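Enquirer: This is the structure I want to talk about, given as structure tokens.
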Amino acid sequence: MATVLVKELIEAGVHFGHRASRWNPKMRPYIYARRNLIHIIDVRETIRGMLRARKYLQGVASHNSLALFVGTKRQAADSIERHATRCGMPYVSDRWLGGTLTNFRTIRSRLARLEELEALRESEEFANYSKKMQSALNREYRKMYRNLNGMRVMNRLPECMVVVDPRKEKNAIREAWKLGVVTVALIDTDSDPDLVDLPIPGNDDSIRSIDRIIGLLADAVAAGRIAAGAEQGREDAEVEVEVPAVAG
């Protein structure tokens, strides 16, 4: 199994780091070698980070807690949206709104506004508005949908955050740190691993690399949710009381 995983990660280009001139010295323990001015990431360290992260995320999901997936760079957006949706978790794939965590109450109110706009656009009342007002409402809806749609299921603060490229998502990392939200991150050789709780060293610029790593993490979340459902089913069965028949 481990051999197969190593092969898959290498084929996805997970081991390719940044140019050596752009490295962060704190990433030294995760670097295997330097080839043609490019740092090569030690895939063994990638797998170690992956196994720790998967175990943690499965535990989070098994306790019905939330994991927020974050990746707004072009290479990550599609994978973040697809895999987070697949495992039933919230995501941010377009733009991190300041206060998403630290001002969560406002974000919830904006989500309520998004739902209000959706209901209005589908109602007969919408046709009674002027063309200018319809255009303004549609513009507001598209912007809010793009920024907030992935957080509809986030009815409470997440237990942890899965991030692609903590340098790019520095504002999200900062908010998570303030609130004690655990961070799991795919982190390249130009980043500071001390800024995240569970670093997974790997290529955070390749679409294939990102998709493979995020897919594996989403699998762990999905497994945790299945375990939570099974546990809930057992608890429900235990509390059922068989009512004895009453003799006439």
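A note on labels: chains of the structure tokens are A, B, ... as shown, every chain counts residues from 1, and ligands are counted from 1 in their shown order.
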Give me every strand (DSSP E or B) residue in segment 67-161 of chain A, going by DSSP on the backbone, as a list in words.
Expert: Ala67, Leu68, Phe69, Val70, Tyr91, Val92, Cys160 and Met161 of chain A
Enquirer: Near Glu118 of chain A, counting only C-alpha atoms, which residues have an atom at most 10 Å away, once you skip same-chain residues fewer than 4 positions from it, shown as a PyMOL selection string?
Expert: chain A and resi 112-114+122-123+137-138+141+145
Enquirer: Write out as a ChimeraX atom specification which residues come within 7 Å of Gly202 of chain A when counting only C-alpha atoms, dropping same-chain ones fewer than 6 positions away.
Expert: /A:14-15,17,41,46,186-188
Enquirer: Please report, as JSON lines, each residue of segment 50-105 of chain A lying at most 9 Å from segment 159-171 of chain A, together with the nearest pair of atoms and the separation in Å rounded to one decimal; use only C-alpha atoms, and order rows by chain and ascending residue number.
Expert:
```
{"residue": "A:Leu57", "atom": "CA", "partner": "A:Cys160", "partner_atom": "CA", "distance": 8.3}
{"residue": "A:Val60", "atom": "CA", "partner": "A:Glu159", "partner_atom": "CA", "distance": 7.2}
{"residue": "A:Ser65", "atom": "CA", "partner": "A:Glu159", "partner_atom": "CA", "distance": 5.9}
{"residue": "A:Leu66", "atom": "CA", "partner": "A:Glu159", "partner_atom": "CA", "distance": 5.5}
{"residue": "A:Ala67", "atom": "CA", "partner": "A:Cys160", "partner_atom": "CA", "distance": 4.9}
{"residue": "A:Leu68", "atom": "CA", "partner": "A:Met161", "partner_atom": "CA", "distance": 4.6}
{"residue": "A:Phe69", "atom": "CA", "partner": "A:Val162", "partner_atom": "CA", "distance": 4.7}
{"residue": "A:Val70", "atom": "CA", "partner": "A:Val163", "partner_atom": "CA", "distance": 4.8}
{"residue": "A:Gly71", "atom": "CA", "partner": "A:Val164", "partner_atom": "CA", "distance": 5.1}
{"residue": "A:Thr72", "atom": "CA", "partner": "A:Glu169", "partner_atom": "CA", "distance": 7.7}
{"residue": "A:Lys73", "atom": "CA", "partner": "A:Lys168", "partner_atom": "CA", "distance": 7.5}
{"residue": "A:Ala76", "atom": "CA", "partner": "A:Val164", "partner_atom": "CA", "distance": 7.0}
{"residue": "A:Ile80", "atom": "CA", "partner": "A:Val164", "partner_atom": "CA", "distance": 8.7}
{"residue": "A:Trp96", "atom": "CA", "partner": "A:Asn171", "partner_atom": "CA", "distance": 7.7}
{"residue": "A:Leu97", "atom": "CA", "partner": "A:Asn171", "partner_atom": "CA", "distance": 9.0}
{"residue": "A:Gly98", "atom": "CA", "partner": "A:Asn171", "partner_atom": "CA", "distance": 7.4}
```
Enquirer: For Ser209 of chain A, which residue among A:Asn103, A:Asp42, A:Tyr32, A:Ser79 is the nearest when counting only C-alpha atoms?
Expert: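 Residue with the minimum atom-to-atom distance to Ser209 of chain A: A:Ser79.
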Enquirer: Quick one: DSSP alpha helix (DSSP H) residues in segment 92-230 of chain A, as a ChimeraX atom specification?
Expert: /A:104-122,131-148,170-179,207-230
Enquirer: Between A:Ser93, A:Ala176, A:Ile226, A:Asn203, which has the minimum distance to Arg74 of chain A (counting only C-alpha atoms)?
Expert: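 Ranking A:Ser93, A:Ala176, A:Ile226, A:Asn203 by distance to Arg74 of chain A, first place goes to A:Ser93.
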Enquirer: Between A:His39, A:Arg225, A:His18, A:Lys143, single out the one closest to Arg110 of chain A, counting only C-alpha atoms.
Expert: A:Lys143
